[in-house]
Amino acid sequence: MRTTTPLSEDGIPANVQRVSAPYRRYALGVLFLVYVFNFLDRQIVTILAEPIKQDLGIADWQLGLMTGTAFAVFYCTLGIPIARLAERRSRPWIIGLSLAAWSGFTALCGLAQNFWQLVAARVGVGIGEAGCSPPAHSLIADYTPKNERASALAVYLLGNPVGSLLGVVIGGLVADAYGWRTAFLFVGLPGILLAIVVVTTLVEPRIKQAVDAAKRAAADTPQIPFSEVLRVLRGKRTFWLMAAAVSIVAFIGYGHAPFGASFFLRVHGEEVARLAEQFGLGPIGFVGVSLGLILGVAAGLGVYLGGWIGDRFGSRDAGAYMSIPGVAVLLSVPIYTVAMLMPSFLPILPILAVNSVLVSVWQGPVYATVQNIVPVHMRATAASIFLFIANLVGLGLGPLAVGAVSDLLAGPFGMGSGEGVRWALIGSQFLAIPAFVCFWLARRSIAAEMEE
């Protein structure tokens, strides 16, 4: 099915107001900051996992439930109805209100006195964050010509590594100085101020006359049914192969996130404590700064390179949007395995930096492809369905599964908590091989399924 909304030569819908290049850069910068807070508030819990575990006396599987499943269930399920709303309502207002909600719940995490209170607050964070990415992807796609979308979305997606970097650095330093509860309060409250900036300075680019006409006709012309969106997507083989690949990659990434710092503190604890003392830091703060700066910068480079390479080569061969991420995730398997088997903390960091570049390359090409293979009036909904699948599998199951395997290896298999988490992390990385296969198969269909 082809889009019924007329497009200009550069792929921008006819009913969308063109914006100046300076305003486009400003809007993209604001949305980038929103996504920074999205991942800062989402990922700070990973550096705080070990002190939370010790303070509340919980197991690794409970860490996985708190950081992944409790967050993901509402984050995934509410993303679709919010995206449907974004197809016809103000996207800046949806994003701004969502930002205020998840920031407030992040601050409430710091007030939790037991495991289940913390889980409830994390559910609230997931509810708020459900209103971020689908409207933002759609907004960026409307602002940006088709041949620049992978790069533009890559800029937005840089919020992932930057937010994660800030989360582990700030979280580690504040936790060492004032405790893990204060860390949640410290990062949660500023997001409410950014929400005000979003709703007061970002504009909905849909032309006002078109919006007014749509409102007048609303009673007689209902929104495109969700079943119609599913019908269109059903014929997009590329969409489902990408969803399978990204679900696996997300399972690995989110599964590793809560246990990376725990691995270093358990396996290399003495070395970490010694190095931290030399820099005048506590162990948690030192690990947070080390992982945040090295891995966060590397992941940001990977996201940027993925968008740039995707636009450069994808304009000539659409299959490059899939082959580049596929090769990158395949190379990550031996590199990550070598890193986790190193006997010392410091040599691990540069190897993990290379791995972070590789496992971040997919984001720009994949999310641009989601926007490019569906009609313009289905973009937010398509993005929400894609994120629903990827996050329900990756975020919902990854941390819980890795934590459960870690507990199993540590206890019944007698490896101890350090070796248990090491081999749980290594084993899950090998799932990148089927992800590569899915990306590679998607090369065959992507060109034919691109919308004009």
# chains A, B, ... in the order shown; residues from 1 in each chain; ligands from 1
>>> residues_around(residues="A:Asn391", least_positions_apart="6", cutoff="8 Å", atoms="only C-alpha atoms", output="list of chain:residue names")
A:Ala72, A:Cys76, A:Ser247, A:Ala250
>>> residues_around(residues="stretch 83-93 of chain A", least_positions_apart="3", cutoff="8 Å", atoms="only C-alpha atoms", output="VMD selection string")
chain A and resid 79 to 80 96 to 97 131 134 to 136 139 198 to 199 202 to 204 211 377 to 378 380 to 381 384
>>> residues_around(residues="A:Arg234", least_positions_apart="2", cutoff="12 Å", atoms="only C-alpha atoms", output="count of residues only")
18
>>> closest_residue(among="A:Val393, A:Leu118, A:Leu185, A:Val169", to="A:Ile58", atoms="only C-alpha atoms")
A:Leu118
>>> residues_around(residues="A:Thr106", least_positions_apart="4", cutoff="8 Å", atoms="only C-alpha atoms", output="list in words")
Asp41, Trp102, Gly110, Ala121, Arg122, Val125, Phe184, Leu185, Val187 and Gly188 of chain A
>>> write_last_selection(atoms="C-alpha atoms", output="PDB file, in the first residue's frame")
ATOM      1  CA  ASP A  41      16.261   8.214  34.421  1.00  0.00           C
ATOM      2  CA  TRP A 102       8.655   9.915  34.305  1.00  0.00           C
ATOM      3  CA  GLY A 110      14.483   7.651  46.035  1.00  0.00           C
ATOM      4  CA  ALA A 121       7.924   3.664  41.236  1.00  0.00           C
ATOM      5  CA  ARG A 122       9.720   1.981  38.325  1.00  0.00           C
ATOM      6  CA  VAL A 125       8.746   5.631  35.152  1.00  0.00           C
ATOM      7  CA  PHE A 184      17.300   9.214  42.203  1.00  0.00           C
ATOM      8  CA  LEU A 185      16.124  12.573  43.530  1.00  0.00           C
ATOM      9  CA  VAL A 187      18.419  13.197  38.439  1.00  0.00           C
ATOM     10  CA  GLY A 188      14.623  13.107  38.525  1.00  0.00           C
TER      11      GLY A 188
END
>>> residues_around(residues="A:Asp60", least_positions_apart="2", cutoff="6 Å", atoms="only C-alpha atoms", output="list in words")
Gln62, Leu63 and Gly403 of chain A
>>> write_last_selection(atoms="C-alpha atoms", output="short mmCIF file (atom, residue, chain, number, x, y, z; two decimals), in the first residue's frame")
data_model
loop_
_atom_site.label_atom_id
_atom_site.label_comp_id
_atom_site.auth_asym_id
_atom_site.auth_seq_id
_atom_site.Cartn_x
_atom_site.Cartn_y
_atom_site.Cartn_z
CA GLN A 62 14.73 -9.26 41.65
CA LEU A 63 17.19 -6.70 40.28
CA GLY A 403 19.67 -12.24 36.59
#
>>> atom_distance(atom1="atom CA of A:Gly310", atom2="atom CA of A:Leu295")
21.9 Å
>>> residues_around(residues="A:Gln113", least_positions_apart="6", cutoff="12 Å", atoms="only C-alpha atoms", output="list in words")
Ile52, Asp55, Leu56, Gly57, Val119, Ala120, Ala121, Trp180 and Arg181 of chain A
>>> write_last_selection(atoms="C-alpha atoms", output="short mmCIF file (atom, residue, chain, number, x, y, z; two decimals), in the first residue's frame")
data_model
loop_
_atom_site.label_atom_id
_atom_site.label_comp_id
_atom_site.auth_asym_id
_atom_site.auth_seq_id
_atom_site.Cartn_x
_atom_site.Cartn_y
_atom_site.Cartn_z
CA ILE A 52 20.20 -1.42 46.30
CA ASP A 55 20.46 -2.36 51.28
CA LEU A 56 17.20 -4.14 50.49
CA GLY A 57 18.61 -7.69 50.62
CA VAL A 119 9.04 -1.66 41.75
CA ALA A 120 5.89 0.51 41.86
CA ALA A 121 7.92 3.66 41.24
CA TRP A 180 21.42 5.69 46.30
CA ARG A 181 18.14 7.33 47.28
#
>>> residues_around(residues="A:Leu33", least_positions_apart="3", cutoff="12 Å", atoms="only C-alpha atoms", output="ChimeraX atom specification")
/A:26-30,36-40,95-96,99,132,136,155-163,166,190-191,193-195,197-198
>>> closest_residue(among="A:Met242, A:Leu153, A:Val289, A:Val123", to="A:Val437", atoms="only C-alpha atoms")
A:Met242
>>> atom_distance(atom1="atom CA of A:Pro51", atom2="atom CA of A:Glu277")
18.4 Å
